[in-house]
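Student: Sending over final.txt (compact mmCIF, C-alpha atoms).
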```
# COMPACT_ATOMS: atom_id res chain seq x y z
CA MET A 1 131.35 -205.50 137.69
CA PRO A 2 128.00 -207.11 138.46
CA VAL A 3 126.18 -208.87 135.69
CA HIS A 4 122.57 -207.81 135.19
CA SER A 5 119.90 -209.56 133.27
CA ALA A 6 118.83 -207.82 130.09
CA GLY A 7 115.93 -205.42 130.28
CA PRO A 8 115.01 -201.76 130.41
CA ARG A 9 116.70 -199.85 133.15
CA LEU A 10 116.93 -196.33 131.74
CA TYR A 11 115.04 -194.61 134.50
CA ARG A 12 116.57 -196.78 137.17
CA SER A 13 120.27 -196.25 136.45
CA VAL A 14 120.15 -193.00 134.54
CA LYS A 15 117.78 -190.70 136.28
CA PHE A 16 116.21 -188.28 133.89
CA LYS A 17 114.66 -186.22 136.58
CA HIS A 18 114.21 -183.28 134.28
CA LEU A 19 112.22 -185.40 131.87
CA VAL A 20 110.11 -187.45 134.20
CA ARG A 21 108.49 -186.07 137.24
CA GLU A 22 109.24 -189.05 139.38
CA ALA A 23 112.16 -191.33 138.81
CA GLY A 24 111.21 -194.92 138.23
CA SER A 25 107.59 -194.06 137.69
CA ALA A 26 107.60 -195.40 134.13
CA ALA A 27 105.46 -198.27 135.15
CA GLY A 28 103.29 -196.05 137.31
CA SER A 29 100.24 -194.08 136.49
CA ARG A 30 101.98 -190.90 135.35
CA PRO A 31 102.83 -190.76 131.63
CA THR A 32 106.49 -190.63 130.65
CA ASP A 33 106.04 -189.67 127.00
CA ILE A 34 108.42 -186.94 125.98
CA SER A 35 107.10 -184.61 123.37
CA LEU A 36 109.75 -183.20 121.09
CA ASN A 37 108.74 -180.16 119.10
CA LEU A 38 109.68 -181.01 115.55
CA THR A 39 108.11 -177.97 113.92
CA PRO A 40 111.28 -175.80 113.75
CA PHE A 41 113.21 -178.79 112.42
CA VAL A 42 110.67 -179.44 109.68
CA ASP A 43 110.58 -175.71 108.87
CA MET A 44 114.34 -175.56 108.56
CA MET A 45 114.42 -178.67 106.38
CA THR A 46 111.77 -177.29 104.08
CA ILE A 47 113.59 -173.98 103.66
CA LEU A 48 116.91 -175.75 103.07
CA VAL A 49 115.44 -178.10 100.47
CA THR A 50 113.72 -175.21 98.68
CA PHE A 51 116.95 -173.22 98.61
CA LEU A 52 119.00 -176.17 97.36
CA LEU A 53 116.46 -176.98 94.67
CA MET A 54 116.60 -173.36 93.50
CA VAL A 55 120.39 -173.23 93.24
CA PHE A 56 120.61 -176.74 91.79
CA SER A 57 122.49 -176.68 88.55
CA SER A 58 124.23 -179.41 86.64
CA THR A 59 126.13 -177.04 84.34
CA GLY A 60 129.21 -176.80 86.49
CA GLN A 61 129.65 -180.54 86.39
CA LEU A 62 130.79 -180.25 82.78
CA LEU A 63 134.00 -178.76 84.07
CA GLU A 64 136.52 -180.13 86.48
CA ALA A 65 137.94 -178.13 89.34
CA GLN A 66 141.69 -177.88 88.94
CA LYS A 67 144.46 -176.69 91.18
CA GLY A 68 145.85 -173.38 89.97
CA LEU A 69 142.80 -172.53 87.91
CA GLU A 70 140.70 -169.47 88.61
CA LEU A 71 138.20 -168.78 85.86
CA PRO A 72 137.83 -165.22 84.56
CA ILE A 73 134.73 -163.31 85.61
CA ALA A 74 132.12 -162.13 83.13
CA ASP A 75 128.51 -160.99 82.93
CA SER A 76 127.57 -163.64 80.38
CA ARG A 77 124.76 -165.97 81.49
CA GLU A 78 124.79 -168.46 78.63
CA THR A 79 125.00 -171.99 79.88
CA LEU A 80 127.77 -174.32 78.86
CA GLN A 81 127.18 -177.39 76.77
CA GLN A 82 129.04 -180.67 76.46
CA ALA A 83 132.20 -180.48 74.34
CA PRO A 84 135.88 -181.47 74.54
CA VAL A 85 137.60 -179.40 77.23
CA ILE A 86 141.04 -177.81 76.96
CA ILE A 87 142.23 -176.77 80.41
CA VAL A 88 144.97 -174.23 80.96
CA THR A 89 146.09 -173.87 84.55
CA LYS A 90 148.93 -171.70 85.85
CA SER A 91 151.39 -174.49 85.06
CA ASP A 92 149.88 -177.08 82.67
CA ILE A 93 147.83 -177.52 79.54
CA THR A 94 145.56 -180.57 79.59
CA TYR A 95 143.09 -181.96 77.12
CA GLN A 96 140.27 -184.19 78.38
CA GLY A 97 142.20 -184.63 81.62
CA GLN A 98 145.47 -185.69 79.99
CA LEU A 99 148.59 -183.55 80.27
CA ILE A 100 149.63 -182.11 76.91
CA ALA A 101 152.42 -179.69 77.78
CA THR A 102 153.58 -177.32 80.45
CA VAL A 103 152.82 -173.64 80.11
CA GLU A 104 156.52 -172.83 80.46
CA SER A 105 157.56 -175.07 77.55
CA VAL A 106 154.88 -173.66 75.27
CA MET A 107 155.78 -170.08 76.15
CA ARG A 108 159.46 -170.81 75.43
CA ASP A 109 158.63 -172.20 71.97
CA ASP A 110 158.91 -169.44 69.36
CA SER A 111 157.97 -171.52 66.33
CA PRO A 112 156.40 -169.45 63.56
CA THR A 113 153.44 -171.82 63.20
CA PHE A 114 151.91 -170.54 66.49
CA LYS A 115 150.69 -174.07 67.07
CA ILE A 116 151.07 -176.53 69.91
CA ASP A 117 151.89 -179.76 68.09
CA ALA A 118 150.94 -182.21 70.85
CA LEU A 119 147.59 -180.50 71.32
CA PHE A 120 147.01 -180.31 67.57
CA GLU A 121 147.39 -184.11 67.22
CA ARG A 122 144.79 -184.77 69.93
CA LEU A 123 142.38 -182.11 68.70
CA ASP A 124 142.71 -183.23 65.10
CA ALA A 125 141.80 -186.82 66.00
CA ALA A 126 138.90 -185.62 68.18
CA ALA A 127 137.59 -183.27 65.49
CA LYS A 128 137.59 -186.04 62.89
CA LYS A 129 135.70 -188.38 65.22
CA ILE A 130 133.10 -185.74 66.09
CA LYS A 131 132.67 -184.87 62.40
CA GLU A 132 132.08 -188.55 61.62
CA ASP A 133 129.53 -188.89 64.43
CA VAL A 134 127.67 -185.79 63.28
CA ALA A 135 127.66 -187.03 59.67
CA ASN A 136 126.24 -190.37 60.83
CA GLY A 137 123.51 -188.56 62.74
CA LYS A 138 124.61 -189.86 66.13
CA GLY A 139 123.40 -187.92 69.16
CA PRO A 140 120.15 -186.30 70.24
CA LYS A 141 117.71 -184.77 67.77
CA ASP A 142 118.27 -181.18 68.88
CA LEU A 143 121.97 -181.53 68.07
CA THR A 144 121.14 -182.82 64.58
CA THR A 145 118.86 -179.83 64.05
CA ALA A 146 121.60 -177.49 65.31
CA CYS A 147 124.07 -179.05 62.85
CA GLU A 148 121.65 -178.62 59.96
CA LYS A 149 121.29 -174.95 60.91
CA ALA A 150 125.08 -174.60 61.11
CA LYS A 151 125.43 -176.07 57.61
CA ALA A 152 122.98 -173.46 56.36
CA ASN A 153 125.18 -170.78 58.03
CA ILE A 154 122.50 -169.88 60.57
CA ARG A 155 124.06 -168.85 63.84
CA PRO A 156 122.41 -170.34 66.94
CA GLY A 157 120.48 -167.85 69.02
CA ARG A 158 121.05 -167.18 72.71
CA GLY A 159 120.50 -170.28 74.81
CA GLU A 160 120.18 -172.53 71.76
CA VAL A 161 122.21 -175.72 71.41
CA ILE A 162 125.34 -175.40 69.27
CA CYS A 163 126.36 -178.12 66.79
CA PRO A 164 129.14 -180.22 68.37
CA ASP A 165 131.09 -180.27 65.09
CA GLY A 166 134.02 -177.94 65.68
CA LEU A 167 132.94 -177.03 69.20
CA ALA A 168 135.37 -177.04 72.13
CA ILE A 169 135.51 -175.50 75.59
CA LEU A 170 138.52 -173.52 76.74
CA GLN A 171 138.83 -173.42 80.50
CA ALA A 172 141.78 -171.18 81.24
CA ASP A 173 143.11 -169.44 84.30
CA GLU A 174 142.34 -165.71 84.42
CA SER A 175 146.03 -164.77 84.61
CA THR A 176 147.04 -166.77 81.53
CA ASP A 177 149.14 -164.81 79.06
CA ALA A 178 147.26 -163.80 75.91
CA ARG A 179 150.09 -165.25 73.78
CA LEU A 180 149.29 -168.70 75.13
CA ILE A 181 145.58 -168.19 74.49
CA ASN A 182 146.38 -167.13 70.92
CA LYS A 183 148.46 -170.27 70.41
CA ILE A 184 145.71 -172.53 71.75
CA VAL A 185 143.04 -170.81 69.68
CA ASN A 186 145.23 -171.10 66.56
CA THR A 187 145.84 -174.78 67.28
CA ALA A 188 142.14 -175.45 67.82
CA LYS A 189 141.22 -173.56 64.67
CA ALA A 190 143.80 -175.44 62.61
CA ALA A 191 142.47 -178.76 63.94
CA GLY A 192 138.93 -177.87 62.91
CA PHE A 193 137.56 -176.45 66.16
CA ASP A 194 136.29 -173.16 64.81
CA ASN A 195 133.75 -172.57 67.53
CA LEU A 196 135.22 -172.06 70.99
CA LEU A 197 133.36 -171.63 74.23
CA PHE A 198 135.34 -169.72 76.83
CA ALA A 199 134.31 -170.90 80.29
CA VAL A 200 133.74 -167.98 82.64
CA LYS A 201 132.50 -167.46 86.15
CA ASN A 202 129.41 -165.35 86.69
CA LYS A 203 129.77 -162.13 88.64
CA MET B 1 101.27 -188.91 104.60
CA SER B 2 99.13 -191.05 106.81
CA GLY B 3 96.69 -189.63 109.24
CA SER B 4 94.65 -191.10 112.04
CA ILE B 5 91.99 -189.76 114.31
CA GLY B 6 93.08 -190.12 117.80
CA PRO B 7 92.52 -192.63 120.04
CA SER B 8 89.46 -193.93 121.77
CA ASP B 9 88.01 -190.70 123.04
CA LYS B 10 85.13 -189.92 120.70
CA LYS B 11 85.03 -186.26 121.71
CA SER B 12 88.68 -185.67 120.80
CA VAL B 13 89.23 -183.83 117.55
CA ASN B 14 93.04 -184.00 117.62
CA VAL B 15 94.50 -185.35 114.42
CA GLU B 16 97.80 -187.16 114.54
CA LEU B 17 99.87 -186.80 111.42
CA ASN B 18 102.73 -189.17 110.94
CA ILE B 19 105.48 -186.86 109.77
CA VAL B 20 108.28 -189.40 110.07
CA PRO B 21 108.26 -190.32 106.32
CA PHE B 22 108.21 -186.62 105.50
CA ILE B 23 111.26 -185.98 107.67
CA ASP B 24 112.99 -189.02 106.17
CA LEU B 25 112.35 -187.75 102.67
CA MET B 26 113.51 -184.25 103.55
CA SER B 27 116.71 -185.55 105.13
CA CYS B 28 117.54 -187.69 102.09
CA LEU B 29 116.76 -184.84 99.70
CA THR B 30 118.84 -182.37 101.71
CA ALA B 31 121.80 -184.73 101.81
CA PHE B 32 121.55 -185.44 98.07
CA LEU B 33 121.23 -181.79 97.10
CA LEU B 34 124.09 -180.73 99.36
CA VAL B 35 126.37 -183.34 97.81
CA THR B 36 125.43 -182.57 94.22
CA ALA B 37 125.15 -178.80 94.57
CA VAL B 38 127.39 -176.70 92.32
CA TRP B 39 128.17 -173.50 94.08
CA VAL B 40 129.99 -171.75 91.25
CA ASN B 41 127.88 -170.59 88.34
CA ILE B 42 129.76 -171.28 85.15
CA ALA B 43 128.79 -169.59 81.93
CA GLN B 44 130.29 -169.31 78.47
CA ILE B 45 131.35 -166.75 75.92
CA ASN B 46 131.08 -168.11 72.42
CA ILE B 47 133.73 -166.93 69.96
CA GLN B 48 134.73 -167.77 66.42
CA PRO B 49 138.49 -167.83 65.95
CA LYS B 50 139.52 -165.90 62.86
CA GLY B 51 142.14 -167.26 60.47
CA LYS B 52 142.84 -170.37 58.49
CA THR B 53 141.00 -173.62 59.27
CA ARG B 54 141.85 -177.17 58.30
CA ASP B 55 139.16 -177.19 55.61
CA GLN B 56 139.95 -173.71 54.38
CA ALA B 57 142.90 -173.10 52.08
CA GLN B 58 142.90 -169.34 52.50
CA VAL B 59 141.47 -166.83 54.87
CA GLN B 60 138.45 -165.27 53.26
CA GLN B 61 138.67 -161.51 53.06
CA ASP B 62 135.72 -159.45 52.03
CA ASP B 63 137.03 -156.12 50.84
CA GLU B 64 133.62 -154.48 50.84
CA HIS B 65 133.07 -155.34 54.47
CA VAL B 66 133.96 -152.77 57.12
CA THR B 67 135.12 -154.60 60.21
CA LEU B 68 135.32 -153.26 63.71
CA SER B 69 138.63 -154.30 65.24
CA VAL B 70 139.73 -154.15 68.85
CA LEU B 71 143.35 -154.46 69.87
CA VAL B 72 143.99 -154.97 73.57
CA GLN B 73 147.45 -154.00 74.77
CA SER B 74 148.81 -153.98 78.27
CA ASP B 75 148.45 -150.21 78.66
CA ARG B 76 145.68 -149.30 76.20
CA ILE B 77 142.92 -150.50 73.91
CA TRP B 78 142.64 -149.53 70.25
CA VAL B 79 139.29 -149.55 68.49
CA GLY B 80 139.32 -149.11 64.74
CA LEU B 81 137.37 -149.63 61.54
CA SER B 82 138.92 -151.34 58.55
CA ARG B 83 138.91 -149.43 55.25
CA VAL B 84 138.19 -146.23 57.17
CA ASN B 85 141.39 -146.53 59.20
CA GLU B 86 140.19 -144.43 62.07
CA PHE B 87 141.41 -145.51 65.44
CA GLN B 88 140.38 -144.57 68.88
CA ASP B 89 142.96 -144.90 71.60
CA ILE B 90 141.65 -145.76 75.07
CA PRO B 91 144.55 -145.55 77.51
CA LYS B 92 144.58 -147.27 80.88
CA LYS B 93 143.04 -145.43 83.80
CA ALA B 94 145.49 -143.18 85.57
CA GLY B 95 146.04 -143.59 89.26
CA ALA B 96 146.10 -146.46 91.67
CA GLU B 97 143.47 -148.59 89.90
CA ASN B 98 145.88 -149.49 87.09
CA GLU B 99 143.24 -151.14 84.96
CA GLN B 100 141.85 -150.63 81.50
CA ASP B 101 139.20 -147.96 81.04
CA TRP B 102 136.32 -150.38 80.45
CA GLU B 103 133.64 -147.68 80.81
CA LYS B 104 135.16 -145.67 77.96
CA PHE B 105 135.60 -148.86 75.92
CA GLU B 106 131.94 -149.71 76.36
CA ALA B 107 130.89 -146.19 75.37
CA THR B 108 133.09 -146.37 72.26
CA LEU B 109 131.59 -149.69 71.18
CA LYS B 110 128.08 -148.31 71.76
CA GLU B 111 128.95 -145.39 69.49
CA HIS B 112 130.09 -147.75 66.75
CA LYS B 113 127.03 -149.94 67.18
CA THR B 114 124.79 -146.99 66.47
CA SER B 115 126.93 -145.77 63.56
CA ALA B 116 125.91 -146.11 59.91
CA PHE B 117 128.17 -149.15 59.39
CA PHE B 118 126.25 -151.25 61.87
CA THR B 119 122.66 -150.13 61.35
CA ASN B 120 121.89 -153.45 59.69
CA PRO B 121 120.68 -155.68 62.54
CA GLU B 122 122.63 -158.59 61.04
CA ARG B 123 125.86 -156.64 61.40
CA ASN B 124 126.95 -157.65 64.88
CA ASP B 125 130.45 -158.89 64.17
CA LEU B 126 133.62 -157.64 65.78
CA GLU B 127 137.16 -158.95 66.02
CA ILE B 128 139.36 -158.81 69.06
CA ALA B 129 143.08 -159.41 69.37
CA ALA B 130 145.46 -159.11 72.28
CA GLU B 131 149.03 -158.00 71.80
CA SER B 132 151.04 -159.45 74.61
CA THR B 133 154.79 -159.45 75.09
CA ALA B 134 157.03 -160.69 77.86
CA ALA B 135 157.65 -157.10 78.90
CA ALA B 136 154.02 -156.01 78.62
CA PRO B 137 151.79 -159.05 79.11
CA VAL B 138 148.05 -159.00 78.54
CA LYS B 139 146.02 -161.26 80.79
CA TYR B 140 143.26 -163.62 79.64
CA GLN B 141 140.87 -161.81 82.01
CA ASP B 142 141.30 -158.63 79.92
CA ILE B 143 140.38 -160.47 76.70
CA ILE B 144 137.32 -161.96 78.39
CA HIS B 145 136.33 -158.57 79.77
CA ALA B 146 136.61 -156.99 76.32
CA MET B 147 134.56 -159.80 74.76
CA ASP B 148 131.98 -159.63 77.53
CA ILE B 149 131.48 -155.91 76.96
CA ALA B 150 131.27 -156.44 73.19
CA VAL B 151 128.54 -159.07 73.63
CA LYS B 152 126.73 -156.82 76.11
CA VAL B 153 126.77 -153.91 73.65
CA GLY B 154 125.31 -156.11 70.91
CA PHE B 155 128.30 -157.45 68.99
CA THR B 156 127.32 -161.06 69.52
CA ASP B 157 129.50 -162.42 66.71
CA VAL B 158 132.89 -161.98 68.38
CA GLY B 159 135.98 -163.30 66.65
CA LEU B 160 139.37 -163.77 68.26
CA SER B 161 142.31 -163.05 66.05
CA ASP B 162 146.08 -162.66 66.10
CA PRO B 163 147.21 -159.04 66.39
CA GLN B 164 148.68 -159.38 62.88
CA GLY B 165 145.43 -160.78 61.52
CA LEU B 166 143.24 -157.83 62.46
CA ALA B 167 141.43 -156.16 59.58
CA ALA B 168 142.22 -152.76 61.07
CA ARG B 169 145.46 -152.39 62.93
CA PRO B 170 147.00 -149.15 64.18
CA SER B 171 150.46 -148.44 62.79
CA LEU B 172 152.53 -147.55 65.78
```
Could you rewrite the structure in this file as structure tokens?
Tutor:
Amino acid sequence: MPVHSAGPRLYRSVKFKHLVREAGSAAGSRPTDISLNLTPFVDMMTILVTFLLMVFSSTGQLLEAQKGLELPIADSRETLQQAPVIIVTKSDITYQGQLIATVESVMRDDSPTFKIDALFERLDAAAKKIKEDVANGKGPKDLTTACEKAKANIRPGRGEVICPDGLAILQADESTDARLINKIVNTAKAAGFDNLLFAVKNK
Amino acid sequence: MSGSIGPSDKKSVNVELNIVPFIDLMSCLTAFLLVTAVWVNIAQINIQPKGKTRDQAQVQQDDEHVTLSVLVQSDRIWVGLSRVNEFQDIPKKAGAENEQDWEKFEATLKEHKTSAFFTNPERNDLEIAAESTAAAPVKYQDIIHAMDIAVKVGFTDVGLSDPQGLAARPSL
């Protein structure tokens, strides 16, 4: 293969006859500027950015996508807030990403306490820590205000922040048996989580 | 965005706008938004579990209080008032649909909401329980649907209870 000295040779070796009227005339009098119409591109970008900005939401990032987990559908439009998450998939029960028990083992257990012991231990420790943090006034101001309202037995209105003391999110698969839900709710209640948020998917 | 009046020809009124930074910004923003976009809208239903808590020695029962109770079973829904002990039975829809009669359930709750027991605007509490067995399981979706309808009707203070813990429970 012959060795060429470095330099421009676009119109010499690759003949863009459809772009330039005369091949090799780059150095000649005729202009070789190619005008690319960017207007549709800019239009498309603008529309895309506008659409993405409109649908942008950080709420869903509170929850993790899990295999074997299809959230139930509801009309509710209240947004989720940060809280410990109990996840129930078709096969497992996890708390804050750590496996607690399998659904099968919990369903087989007929103990009269209607509690899941492993989950209770974790929730109990978490509830105590959250209670301590709330008592020490840790966290943003709106949460402190919400906790003061909760102490005065004032229920938060729609869209208002809920006090994190005793607040947990249950993210369960739509086909989960109600007996399992009852057990988890009982366990959470016994551990001090008396305010549960059921994660749902909007219609 | 920078602009310049083009080139040496004094008669020319063409304005050249440098849109390269604009395109750069748009590309970066599009890429960022596409990566961080959440396509599934997640919402919540807030409930208060009924029963004994860690800090509570006994379940508080107010005998003067009339409570609206809903019991979801695999083939029907019961709606009843405590102390009055009147129950309405809403059987599953007949036919191929094989699902609960949610329209009738909603109408029943609306009736109760407008009844004398719930005229006080602060009375918006309701308790729901699901009775599920291995032979006749009740799905979580049904509980959520019942709660969702209750909230929609105006019972915003929804409590989830055990079937045995309901204030009004039909004797079958």
Student: Using Å and a single decimal, report how far CA of Ala150 in chain B sits from CA of Thr94 in chain A.
Tutor: 28.8 Å
Student: Compile the contact shell of Val106 in chain A as a list of chain:residue names: residues with an atom at most 9 Å away, counting only C-alpha atoms, same-chain residues fewer than 6 positions apart removed.
Tutor: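 Close residues of Val106 in chain A: A:Ile116, A:Leu180, A:Lys183.
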Student: Any chance you can output those residues with C-alpha atoms as a short mmCIF file (atom, residue, chain, number, x, y, z; two decimals), in the coordinates of the input?
Tutor:
```
data_model
loop_
_atom_site.label_atom_id
_atom_site.label_comp_id
_atom_site.auth_asym_id
_atom_site.auth_seq_id
_atom_site.Cartn_x
_atom_site.Cartn_y
_atom_site.Cartn_z
CA ILE A 116 151.07 -176.53 69.91
CA LEU A 180 149.29 -168.70 75.13
CA LYS A 183 148.46 -170.27 70.41
#
```
Student: In Å, how far is it from CA of Arg123 in chain B to CA of Ile143 in chain B?
Tutor: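 CA of Ile143 in chain B lies 21.4 Å from CA of Arg123 in chain B.
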Student: Compile the residues of chain A that lie within 9 Å of chain B, evaluated using all atoms listed in the file, and express the compilation as a ChimeraX atom specification.
Tutor: /A:41-42,45-46,48-49,52-53,55-61,63,71-81,155,169,172-179,181-182,185-186,188-203
Student: One decimal, in Å: what's the spacing between CA of Phe105 in chain B and CA of Phe155 in chain B?
Tutor: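 Pair CA of Phe105 in chain B / CA of Phe155 in chain B returns 13.2 Å.
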Student: Using the file's own x, y and z axes, so that the box edges lie along x, y and z, what centre and edge lengths in Å (one decimal) does a box around every listed atom of range 178-184 of chain A get when 5 Å is added on each side? Give it as lines of an AutoDock Vina configuration file.
Tutor:
```
center_x = 147.8
center_y = -168.2
center_z = 73.2
size_x = 14.5
size_y = 18.7
size_z = 15.5
```
Student: Wanna dump the range 27-130 of chain A-range 135-144 of chain A contacts at 12 Å for me, each residue with its shortest atom pair and the distance in Å to one decimal, counting all atoms listed in the file, ordered by chain and number, as JSON lines?
Tutor:
```
{"residue": "A:Gln81", "atom": "CA", "partner": "A:Leu143", "partner_atom": "CA", "distance": 11.0}
{"residue": "A:Gln82", "atom": "CA", "partner": "A:Leu143", "partner_atom": "CA", "distance": 11.0}
{"residue": "A:Lys128", "atom": "CA", "partner": "A:Ala135", "partner_atom": "CA", "distance": 10.5}
{"residue": "A:Lys129", "atom": "CA", "partner": "A:Ala135", "partner_atom": "CA", "distance": 9.9}
{"residue": "A:Ile130", "atom": "CA", "partner": "A:Ala135", "partner_atom": "CA", "distance": 8.5}
```
Student: I'd like the contact shell of Val134 in chain A - 8 Å cut-off, only C-alpha atoms, skipping same-chain residues fewer than 6 positions apart - returned as a PyMOL selection string.
Tutor: chain A and resi 144+147+164-165
Student: Give as a ChimeraX atom specification each residue that has an atom at most 10 Å from (137.9, -145.7, 64.3) in the file, counting all atoms listed in the file.
Tutor: /B:68-70,78-89,108,112,168,170
Student: Could you tell me which of A:Ala150, A:Ile87, A:Met107, A:Ile93 comes closest to Ala168 in chain A if we count all atoms listed in the file?
Tutor: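 Comparing A:Ala150, A:Ile87, A:Met107, A:Ile93 against Ala168 in chain A, the winner is A:Ile87.
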